[in-house]
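Shown next, in structure tokens, is the structure this report addresses.
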Amino acid sequence: MSERHTDLTQQAIPTDIEAAIRELKEERRAIILAHFYQESEVQDIADFVGDSLALAQAAQNADCDVIAFCGVHFMAETAKILNPDKPVVVPDMDAGCSLADGCPADEFRDFVDQHPGAKVLTYINASAEVKAMSDLICTSANAVKMVNHFKGEDIIFAPDRHLARFVGKEANRSDLIVWQGACVVHELFSAKGLAKLRIQHPDAEVLAHPECDQAVLDQADFIASTTGIIKRAVETPERVSIIATEDGVFHSILKQVPGKVLYQAPGMDESCACNQCPYMRLNTLEKLYLALRDLSPQVEVKEPIRAKALVPIERMLSLS
Ligand code: 13P
Ligand code: SF4
């Protein structure tokens, strides 16, 4: 077990954990931010649930003394970069991301150096160090707009190759210089399995996240960020949707449209829960309670990395 893990067997967890979290939240003047990929009970106790763009905006405007961030590390780190004077606690410090982990800062520095003069546009799923080397940050909700911001200029796009390919097509930029990272969840949806499911449900609308492989995106009726997928599933007249993203979004859709029929796009290995992000799912109500009680673990970002990373994040927020 890593030292950063909390050993829950050693901890007194209150029976009514939701009430205990609410009490602590008042006491600490804390705000709980959660991503759509969190367990439903974590989403339900949060003050705000959103996609990575909306969460960064919520963090920027947070009126509180403490931020409890239920998501993955790069999201909480972004909140800390925007709020250097506030403690930002996370339920589990090991909640990482394959995209952020697959783009180490020293290797990315070499990559950038190989393309002098190119603007560096980085997906928010990256470490603070990588953000600090960037000219602009984007999320899946605004990536096309951010690419268009650098019209006529060379662009390095990192770290997701699937999002890069999607955005390149949408923005008519086949010349993006791409870091070849991928998401372990979205890359594992099976195009073959999806084709079979579509045959079984010919009236279903297929909604996909742009981190998916091209063979999956080719079968999608609608491609968007998690917020976009949820909005579409709620608003479309189609009764049935097939969803190619993490299945945490089901909770939000079904809360708004209880009669909706949702199918998960199948993974390559039918026996695994590959449609659940293993990092996001490390967070639990118990760990959230302990994080608020102990104000630990806290995300820290050292200067001058924080100040450097703040510039492209704020640029994105002002352009969004
Ligand atoms: P969103 O920006 O759509 O919330 O996506 C974040 C993410 O990590 C997708 O895997
Ligand atoms: Fe990272 Fe993929 Fe998990 Fe999103 S779903 S946080 S991109 S590993």
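FYI, nothing fancy with the structure tokens labels: chains A, B, ... in order, residues from 1 per chain, ligands from 1 as they appear.
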
Next on the checklist: 8 Å from ligand 2 is the threshold here; counting only C-alpha atoms and all ligand atoms, which polymer residues fall inside it? Answer as a ChimeraX atom specification.
Outcome noted: /A:37,71-72,96-100,125,182-186,211,245-246,276-280

Next on the checklist: Give me the residues near range 229-239 of chain A as an MDAnalysis selection string, where near means some atom within 12 Å (using only C-alpha atoms) and where sequence neighbours in that chain fewer than 4 positions away do not count.
Outcome noted: chainID A and resid 36:37 49:51 140:141 201:210 220:225 243:263

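Closest approach to ligand 1 from the set A:Ser52, A:Ser318, A:Ser134, A:Asn172 is made by A:Ser52, with distances taken over only C-alpha atoms and all ligand atoms.
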
Checklist entry - Residues at most 6 Å from range 187-191 of chain A, counting only C-alpha atoms, excluding those fewer than 2 positions away in the same chain, as a VMD selection string? => result chain A and resid 183 to 185 193 to 194 212 to 213 215 to 216 266 to 268

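Interatomic distance, CA of Phe69 in chain A to atom 3 (O, counted along the ligand's line) of ligand 1: 16.2 Å.
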
Next on the checklist: Could you pull out the alpha helix (DSSP H) residues of range 198-286 of chain A, going by DSSP on the backbone, and write them as an MDAnalysis selection string?
Outcome noted: chainID A and resid 198:200 214:217 226:235 249:256 285:286

Store the residues of this selection in a file with N, CA and C atoms, as a PDB file, in the first residue's frame.
ATOM      1  N   ARG A 198     -25.344  -1.800 -31.905  1.00  0.00           N
ATOM      2  CA  ARG A 198     -26.160  -0.917 -32.760  1.00  0.00           C
ATOM      3  C   ARG A 198     -27.153  -1.743 -33.584  1.00  0.00           C
ATOM      4  N   ILE A 199     -26.738  -2.946 -33.965  1.00  0.00           N
ATOM      5  CA  ILE A 199     -27.655  -3.813 -34.728  1.00  0.00           C
ATOM      6  C   ILE A 199     -28.832  -4.237 -33.823  1.00  0.00           C
ATOM      7  N   GLN A 200     -28.505  -4.505 -32.552  1.00  0.00           N
ATOM      8  CA  GLN A 200     -29.569  -4.900 -31.604  1.00  0.00           C
ATOM      9  C   GLN A 200     -30.514  -3.735 -31.274  1.00  0.00           C
ATOM     10  N   GLN A 214     -10.822   6.222 -33.409  1.00  0.00           N
ATOM     11  CA  GLN A 214     -11.556   6.647 -34.618  1.00  0.00           C
ATOM     12  C   GLN A 214     -12.658   5.661 -35.023  1.00  0.00           C
ATOM     13  N   ALA A 215     -12.370   4.343 -34.893  1.00  0.00           N
ATOM     14  CA  ALA A 215     -13.354   3.330 -35.311  1.00  0.00           C
ATOM     15  C   ALA A 215     -14.627   3.406 -34.452  1.00  0.00           C
ATOM     16  N   VAL A 216     -14.510   3.907 -33.247  1.00  0.00           N
ATOM     17  CA  VAL A 216     -15.688   4.118 -32.387  1.00  0.00           C
ATOM     18  C   VAL A 216     -16.350   5.446 -32.778  1.00  0.00           C
ATOM     19  N   LEU A 217     -15.546   6.487 -32.923  1.00  0.00           N
ATOM     20  CA  LEU A 217     -16.109   7.804 -33.288  1.00  0.00           C
ATOM     21  C   LEU A 217     -16.836   7.754 -34.633  1.00  0.00           C
ATOM     22  N   THR A 226     -18.139  15.374 -21.551  1.00  0.00           N
ATOM     23  CA  THR A 226     -19.123  14.697 -20.684  1.00  0.00           C
ATOM     24  C   THR A 226     -20.381  15.551 -20.524  1.00  0.00           C
ATOM     25  N   THR A 227     -20.213  16.861 -20.353  1.00  0.00           N
ATOM     26  CA  THR A 227     -21.392  17.735 -20.236  1.00  0.00           C
ATOM     27  C   THR A 227     -22.214  17.661 -21.506  1.00  0.00           C
ATOM     28  N   GLY A 228     -21.534  17.697 -22.662  1.00  0.00           N
ATOM     29  CA  GLY A 228     -22.232  17.654 -23.955  1.00  0.00           C
ATOM     30  C   GLY A 228     -23.003  16.352 -24.126  1.00  0.00           C
ATOM     31  N   ILE A 229     -22.388  15.241 -23.719  1.00  0.00           N
ATOM     32  CA  ILE A 229     -23.043  13.920 -23.841  1.00  0.00           C
ATOM     33  C   ILE A 229     -24.290  13.869 -22.946  1.00  0.00           C
ATOM     34  N   ILE A 230     -24.148  14.354 -21.725  1.00  0.00           N
ATOM     35  CA  ILE A 230     -25.284  14.319 -20.779  1.00  0.00           C
ATOM     36  C   ILE A 230     -26.433  15.186 -21.315  1.00  0.00           C
ATOM     37  N   LYS A 231     -26.087  16.383 -21.772  1.00  0.00           N
ATOM     38  CA  LYS A 231     -27.101  17.324 -22.282  1.00  0.00           C
ATOM     39  C   LYS A 231     -27.851  16.703 -23.465  1.00  0.00           C
ATOM     40  N   ARG A 232     -27.078  16.092 -24.356  1.00  0.00           N
ATOM     41  CA  ARG A 232     -27.683  15.488 -25.557  1.00  0.00           C
ATOM     42  C   ARG A 232     -28.615  14.322 -25.166  1.00  0.00           C
ATOM     43  N   ALA A 233     -28.138  13.469 -24.246  1.00  0.00           N
ATOM     44  CA  ALA A 233     -28.955  12.318 -23.836  1.00  0.00           C
ATOM     45  C   ALA A 233     -30.250  12.781 -23.172  1.00  0.00           C
ATOM     46  N   VAL A 234     -30.176  13.910 -22.460  1.00  0.00           N
ATOM     47  CA  VAL A 234     -31.357  14.435 -21.771  1.00  0.00           C
ATOM     48  C   VAL A 234     -32.319  15.076 -22.777  1.00  0.00           C
ATOM     49  N   GLU A 235     -31.779  15.776 -23.751  1.00  0.00           N
ATOM     50  CA  GLU A 235     -32.633  16.593 -24.638  1.00  0.00           C
ATOM     51  C   GLU A 235     -33.126  15.880 -25.885  1.00  0.00           C
ATOM     52  N   VAL A 249     -21.510   9.004 -16.005  1.00  0.00           N
ATOM     53  CA  VAL A 249     -22.456   9.986 -16.575  1.00  0.00           C
ATOM     54  C   VAL A 249     -23.899   9.472 -16.531  1.00  0.00           C
ATOM     55  N   PHE A 250     -24.073   8.155 -16.404  1.00  0.00           N
ATOM     56  CA  PHE A 250     -25.434   7.594 -16.365  1.00  0.00           C
ATOM     57  C   PHE A 250     -26.254   8.212 -15.229  1.00  0.00           C
ATOM     58  N   HIS A 251     -25.592   8.418 -14.094  1.00  0.00           N
ATOM     59  CA  HIS A 251     -26.295   8.903 -12.903  1.00  0.00           C
ATOM     60  C   HIS A 251     -26.957  10.253 -13.176  1.00  0.00           C
ATOM     61  N   SER A 252     -26.193  11.151 -13.763  1.00  0.00           N
ATOM     62  CA  SER A 252     -26.713  12.492 -14.038  1.00  0.00           C
ATOM     63  C   SER A 252     -27.848  12.449 -15.079  1.00  0.00           C
ATOM     64  N   ILE A 253     -27.686  11.599 -16.100  1.00  0.00           N
ATOM     65  CA  ILE A 253     -28.721  11.497 -17.144  1.00  0.00           C
ATOM     66  C   ILE A 253     -30.016  10.933 -16.536  1.00  0.00           C
ATOM     67  N   LEU A 254     -29.876   9.859 -15.780  1.00  0.00           N
ATOM     68  CA  LEU A 254     -31.072   9.178 -15.251  1.00  0.00           C
ATOM     69  C   LEU A 254     -31.780  10.005 -14.175  1.00  0.00           C
ATOM     70  N   LYS A 255     -31.035  10.875 -13.508  1.00  0.00           N
ATOM     71  CA  LYS A 255     -31.664  11.776 -12.531  1.00  0.00           C
ATOM     72  C   LYS A 255     -32.588  12.756 -13.246  1.00  0.00           C
ATOM     73  N   GLN A 256     -32.155  13.178 -14.449  1.00  0.00           N
ATOM     74  CA  GLN A 256     -32.946  14.172 -15.191  1.00  0.00           C
ATOM     75  C   GLN A 256     -34.020  13.523 -16.045  1.00  0.00           C
ATOM     76  N   LEU A 285     -16.923   8.104  -0.410  1.00  0.00           N
ATOM     77  CA  LEU A 285     -17.463   9.003   0.633  1.00  0.00           C
ATOM     78  C   LEU A 285     -16.608   8.944   1.892  1.00  0.00           C
ATOM     79  N   GLU A 286     -16.138   7.732   2.238  1.00  0.00           N
ATOM     80  CA  GLU A 286     -15.325   7.575   3.460  1.00  0.00           C
ATOM     81  C   GLU A 286     -14.054   8.406   3.362  1.00  0.00           C
TER      82      GLU A 286
END

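In this structure, CA of Gln219 in chain A sits 28.3 Å away from CA of Ile137 in chain A.
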
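Selecting strand (DSSP E) from the backbone DSSP output for range 102-314 of chain A yields Lys119, Val120, Leu121, Thr122, Tyr123, Leu136, Ile137, Cys138, Ile155, Ile156, Phe157, Ala158, Ile177, Val178, Glu205, Val206, Leu207, Ala208, Phe222, Ile223, Val240, Ser241, Ile242, Ile243, Ala244, Val261, Leu262, Tyr263 and Gln264 of chain A.
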